[in-house]
Amino acid sequence: MNNIRNFCIIAHVDHGKSTLADRLLEHTNTIESRKMRQQFLDTMDLERERGITIKLVPVRMKYKAKDGNEYVLNLIDTPGHVDFSYEVSRSLAACEGALLVVDAAQGVEAQTLANAYLAVEQGLEIIPVINKIDLPGARPEEVLRQIEEVIGLDSSQAILASAKEGIGIIEVLEAIVNRIPPPSGDPNAKLQALIFDSVYDNYRGVISYVRLVNGRIKKGQLILFMATEREYEVEEVGFFTPSMSAANELKAGEVGYVIANVKAIWEARAGDTITDAISPADKPLPGYKRIKPVVFCGLFPIDRDDFPHLREAIEKLQLNDSSLVFEPETSEALGFGFRCGFLGLLHMDITVERLRREFEIDLVATAPNVAYEIVLSDGSVIEAHKPSDFPDPGKIEEIREPYIRLTIFLPADYVGKAMKLCQDRRGEYVSLDYITTERVRLVYDLPLAEFIVDFHDRLKSLTRGYASIDYEHVGYRKSDLVKVDVLIHGEPVDAFSFICHKDDAYKRALSVIKKLKELIPRQLFEVAIQASIGSRVIARENVKPLRKNVIAKCYGGDVTRKRKLLEKQKEGKEKMKMIGKVQVPQEAFLAFLKADEEG
Amino acid sequence: MRKDNLNYSVMPLSESFSWALSCPVSLYVHIPFCVQKCPYCAFYSVVPKTGDIESYLNLLDNELKMWTSLTGGKIHAQTLYIGGGTPTVLSSKHWEQLILTLERYVNFLPLLEASVEANPGTLSLGHIKLWRSWRITRASLGVQSLDDAELSWLKRPHGAYEAADAIAALVASGLDTSVDLMFGFPGQTIRSWHRTIKDCLKFGIRHLSIYELTLEENTPWGENPPEGLTEGYPLYRFAQWYLPKRGFIQYEIASFSLPRHWCRHNIAYWQGGNFLGIGPSAWGYLNGYRYGNASDIKLYADSISRGEFPIVYEEILPNEKAAAESAMLALRTMWGVSARAFRRKWGWQAYKKFLQVWHLLPEDCKKTIQGKHAFSAKGFRVANSLWEQFL
Ligand SMILES: Nc1nc2c(ncn2[C@@H]2O[C@H](COP(=O)(O)OP(=O)(O)OP(=O)(O)O)[C@@H](O)[C@H]2O)c(=O)[nH]1
Ligand code: SF4
Ligand SMILES: [Mg+2]
């Protein structure tokens, strides 16, 4: 066990984790050089297309160190984007050390800090790696200073590297061997294996990625999933090289996979502990604390027959992504679907994309919204994921909404515009500093709800694409929010309700009912469209009664002709939804639901 | 042909139909000829070649003969309507032949209402004289407009003067004269619409039918719609306002008349009366059995010469549907649906269903007076949407 090193690579997005992993794979001859390609571990189509890592990836490497010994290095590459920080925290639990990669030009960023602290919290040995020193804009001195001052790590231990040019790679490998402690744990103790990830394979069922803390696991062994109390016989164990290669056994300190013919996807969740079914461990390992989704949207199959297919697909994704939550939802316009919770917009985007691609489901994603915390008059707190979750205004003591700390890097010329945008979106100014004479870092605290609408697009167009942003969640804050209901001919219509800040309520209500006025066809009577807060009507529009009518000549007693025309006319309306006496077309609902049409 | 809900196979007529034919019916005769085809028109008619009319009149004779052979006696007509097409494309000599045919097979009842359709341009004094000397009581003239520009836009084969002359001649002859007008032309205004109506009334007509120009499938304009059609609603509404001031009652969705000068033949359509239609594309309805003749003169001729009815469509609606349809038809008229008569004919259940829908309709679109449910003037304006509820 002394020659095993388990570590992960953490960093802010794009600082070069996956590229550094490439070099490590090369230097350890894990991958033949002819098979090597950039960001080798980013295998998903989406990852390669977008150039980002989404899923954590484990690899086992063998390294002959300068001390003459051969070491087994278990590396886990992690995503840098804030939405996927859950992947990072799970990876950390399987390691004793972490390479903290910092871009030499950009310096310490929000996720550098957040991930470094997560690693510290887990008691991991951290090796700072200042990457991209080949860049003309590299400022290693400055970044070293930031590592000391901003994060509080000893910068004398940092390694200067260029993953791209292959500079500093040996130093990194040596540091891993020398500074990261070997795993502790007892191969002869009762089996305790932490599942840090699981994926679903159509042929083999659930594949659990495990870190063995104590004991051994091998083929044929009867194992127990401690949280779900399911028993299975092990079919195969093995290592990631990086493809899965079977081995005789895994033992304490090692990282690998277990296949046990597990078919039901909820039975082997990340965070659970595998133990021996015959002589089980006393208690499971500390699992992961479940993290809460912050962004929600509805997912509906375009073809209604696809609903069961969609459920299955989401369940499968959830197996690999326990941060994904969902519950069934029915929509007046879209039929049956699911309301899903995500860790952020990117997470949502990726999930929808994966459902479309990997499961080939055509679906509609509704515009995202955030989760609110509502303090009731009796002091209890409930969570609201959609406007209809909101109780009576009379019962509400206080509403809290999630905030993010938004960091914007942009050319100094655009600062005014960016600040105006933030201010318009109820942002609270935090700081502004010059990184260089032309480039500025602007920090605002912003309600997440304001961010998810179209903030990024607006910012991009205001700054001609020169701004880059990052954010972290900074918790819930009290907010002056109201729920605005929309009533059609006196009937409240859930699908059109929305939550917004009190000061914006009138403007948004007006734009909503104006849009509805265009979409709702004239009826036989005048239809009032009202927006109200509680019982107070704040805006109103009327749809004038129908006038168009055709009086056609009667065809010598041919009533069937008229009947056919009427039937055709009626058919067109069958797609409409009756709200009280008013016929409302699907498009009206879609206009409010569809994410694509937002903004 | 739809025969799925019928319980006979070859011959369309069972006992009950021949019984219906032994009672008074309305008789419709279709004359499928026009001097030219109007671009908006979906009625079945063709431009006749020499000899066409003569042979057609022979076929008509045969068709009527087939019907009477079912009853073993003459058909008893309480109303007669000779429509088209353009019946005035027939010369006086043709008309004499047609009259002979009708007299041969039809027993015309006292108080007969007998209408003919006429078009300015083909109508002659000869026609009028002949009609007067026979049984014709009513003439319906296809004027469409008294505005030359509108007429030429419609590609009608006559001008405003010819139309005016025709109205004058018909009224002068003592025939109950009705005029068909159309609205919804490009550039049409309430002003020009008013002028046309007013000019028609000046001649002393007693009946007026108004239609919105509709673009029907399988017509030249249905395929290539003309641009700039005026919305018909205000024009219709104007007629509803203006005509009553001139003593006209809107007794049907498209028909206005001086009191008691309504067209009984058309009312029979709306009130579920039995009617026999002969000629291509004619429709008939006999005690719940509805049929439609082939809309093709050649198909029509072939069947008749084989001694078969030229029927290509037939249906007997199940009670519930038939009841709903009868309500919709009755609601075209100011008499609407009579609660008692409806219950007696279709039963309580059907009436309850009717009421369910009726209650859903907006108040200002309907009225119920003395057990009769009818549309209000506004109801007529939006009738299509109201009817839809009954489907
Ligand atoms: N010049 C230079 N570019 C580098 C270096 N290392 C990585 N890059 C580039 O930086 C970009 C991001 O690299 P990745 O390895 O995908 O970064 P990452 O940290 O894995 O990104 P995420 O997984 O999305 O968080 C790529 O375009 C790399 O080619 C380096 O040492 N020098
Ligand atoms: S004259 Fe009448 S029936 Fe003949 S084509 Fe014109 S509109 Fe149709
Ligand atoms: Mg990466």
# chains A, B, ... in the order shown; residues from 1 in each chain; ligands from 1

call {"tool": "residues_around", "arguments": {"residues": "B:Asp180", "least_positions_apart": "2", "cutoff": "9 Å", "atoms": "only C-alpha atoms", "output": "list in words"}}
result
Ser140, Leu141, Gly142, Val143, Gln144, Ser145, Ser178, Met182, His207, Leu208, Ser209, Ile210 and Tyr211 of chain B

call {"tool": "closest_atom_pairs", "arguments": {"of": "chain B", "to": "ligand 2", "cutoff": "8 Å", "atoms": "only C-alpha atoms and all ligand atoms", "output": "Markdown table"}}
result
| residue | atom | partner | partner_atom_place_in_ligand_line | distance |
| --- | --- | --- | --- | --- |
| B:Pro32 | CA | ligand 2 | 3 (S) | 7.8 |
| B:Phe33 | CA | ligand 2 | 4 (Fe) | 6.9 |
| B:Cys34 | CA | ligand 2 | 4 (Fe) | 4.6 |
| B:Val35 | CA | ligand 2 | 4 (Fe) | 7.2 |
| B:Gln36 | CA | ligand 2 | 5 (S) | 6.1 |
| B:Lys37 | CA | ligand 2 | 5 (S) | 4.0 |
| B:Cys38 | CA | ligand 2 | 6 (Fe) | 4.2 |
| B:Pro39 | CA | ligand 2 | 5 (S) | 7.4 |
| B:Tyr40 | CA | ligand 2 | 7 (S) | 7.2 |
| B:Cys41 | CA | ligand 2 | 8 (Fe) | 4.5 |
| B:Ala42 | CA | ligand 2 | 8 (Fe) | 6.5 |
| B:Phe43 | CA | ligand 2 | 8 (Fe) | 5.5 |
| B:Tyr44 | CA | ligand 2 | 3 (S) | 7.1 |
| B:Ser45 | CA | ligand 2 | 3 (S) | 6.2 |
| B:Val46 | CA | ligand 2 | 5 (S) | 7.9 |
| B:Gly84 | CA | ligand 2 | 3 (S) | 5.5 |
| B:Gly85 | CA | ligand 2 | 3 (S) | 3.6 |
| B:Thr86 | CA | ligand 2 | 4 (Fe) | 5.5 |
| B:Asn119 | CA | ligand 2 | 1 (S) | 6.9 |
| B:Gly142 | CA | ligand 2 | 2 (Fe) | 7.0 |
| B:Arg156 | CA | ligand 2 | 6 (Fe) | 7.0 |

call {"tool": "select_by_dssp", "arguments": {"residues": "stretch 85-260 of chain B", "states": "strand (DSSP E)", "output": "count of residues only"}}
result
41

call {"tool": "residues_near_ligand", "arguments": {"ligand": "ligand 3", "cutoff": "10 Å", "atoms": "only C-alpha atoms and all ligand atoms", "output": "number ranges by chain"}}
result
A: 9-21, 39-42, 47-48, 51-57, 77-81

call {"tool": "residues_around", "arguments": {"residues": "B:Glu320", "least_positions_apart": "4", "cutoff": "9 Å", "atoms": "only C-alpha atoms", "output": "ChimeraX atom specification"}}
result
/B:324-325,346,349-350,353

call {"tool": "residues_around", "arguments": {"residues": "B:Ile311", "least_positions_apart": "3", "cutoff": "8 Å", "atoms": "only C-alpha atoms", "output": "PyMOL selection string"}}
result
chain B and resi 291-294+314

call {"tool": "write_last_selection", "arguments": {"atoms": "N, CA and C atoms", "output": "tab-separated table (two decimals), in the first residue's frame"}}
result
chain	number	residue	atom	x	y	z
B	291	TYR	N	-79.36	12.35	-48.93
B	291	TYR	CA	-78.57	11.86	-50.06
B	291	TYR	C	-78.03	13.03	-50.87
B	292	GLY	N	-76.99	12.77	-51.61
B	292	GLY	CA	-76.44	13.77	-52.51
B	292	GLY	C	-76.19	13.14	-53.86
B	293	ASN	N	-76.61	13.83	-54.91
B	293	ASN	CA	-76.39	13.34	-56.27
B	293	ASN	C	-74.96	13.65	-56.73
B	294	ALA	N	-74.53	12.91	-57.70
B	294	ALA	CA	-73.19	13.13	-58.26
B	294	ALA	C	-73.06	14.55	-58.77
B	314	GLU	N	-74.80	9.19	-49.09
B	314	GLU	CA	-76.02	9.06	-48.32
B	314	GLU	C	-75.68	8.85	-46.86

call {"tool": "atom_distance", "arguments": {"atom1": "atom CA of A:Arg230", "atom2": "atom CA of A:Pro284"}}
result
13.8 Å

call {"tool": "closest_residue", "arguments": {"among": "A:Glu267, A:Asp470, A:Glu373, A:Glu32", "to": "ligand 1", "atoms": "only C-alpha atoms and all ligand atoms"}}
result
A:Asp470

call {"tool": "residues_around", "arguments": {"residues": "A:Arg204", "least_positions_apart": "3", "cutoff": "9 Å", "atoms": "only C-alpha atoms", "output": "PyMOL selection string"}}
result
chain A and resi 200-201+207+259-263

call {"tool": "closest_residue", "arguments": {"among": "B:Glu216, B:Asp148, B:Glu223, B:Glu308", "to": "chain A", "atoms": "only C-alpha atoms"}}
result
B:Glu216

call {"tool": "residues_around", "arguments": {"residues": "stretch 412-417 of chain A", "least_positions_apart": "4", "cutoff": "8 Å", "atoms": "only C-alpha atoms", "output": "ChimeraX atom specification"}}
result
/A:421,437-440,442,462-463

call {"tool": "write_last_selection", "arguments": {"atoms": "N, CA, C and O atoms", "output": "short mmCIF file (atom, residue, chain, number, x, y, z; two decimals), in the first residue's frame"}}
result
data_model
loop_
_atom_site.label_atom_id
_atom_site.label_comp_id
_atom_site.auth_asym_id
_atom_site.auth_seq_id
_atom_site.Cartn_x
_atom_site.Cartn_y
_atom_site.Cartn_z
N LEU A 421 -25.76 47.00 -15.99
CA LEU A 421 -26.52 45.77 -16.15
C LEU A 421 -26.74 45.09 -14.80
O LEU A 421 -27.84 44.67 -14.47
N THR A 437 -3.71 47.17 -16.23
CA THR A 437 -4.26 48.50 -16.46
C THR A 437 -5.49 48.47 -17.34
O THR A 437 -6.34 49.34 -17.28
N GLU A 438 -5.60 47.42 -18.18
CA GLU A 438 -6.78 47.38 -19.06
C GLU A 438 -7.86 46.43 -18.57
O GLU A 438 -8.99 46.52 -19.00
N ARG A 439 -7.46 45.49 -17.75
CA ARG A 439 -8.44 44.47 -17.39
C ARG A 439 -8.87 44.60 -15.94
O ARG A 439 -8.07 44.85 -15.05
N VAL A 440 -10.19 44.40 -15.77
CA VAL A 440 -10.78 44.69 -14.48
C VAL A 440 -11.52 43.46 -13.97
O VAL A 440 -12.06 42.70 -14.74
N LEU A 442 -14.67 42.67 -11.71
CA LEU A 442 -15.82 43.31 -11.10
C LEU A 442 -16.61 42.25 -10.37
O LEU A 442 -16.88 41.17 -10.91
N LEU A 462 -23.16 43.36 -24.53
CA LEU A 462 -22.73 44.68 -24.06
C LEU A 462 -21.22 44.86 -24.16
O LEU A 462 -20.72 45.97 -24.32
N THR A 463 -20.50 43.75 -24.03
CA THR A 463 -19.04 43.86 -23.97
C THR A 463 -18.40 43.25 -25.21
O THR A 463 -17.21 42.98 -25.22
#
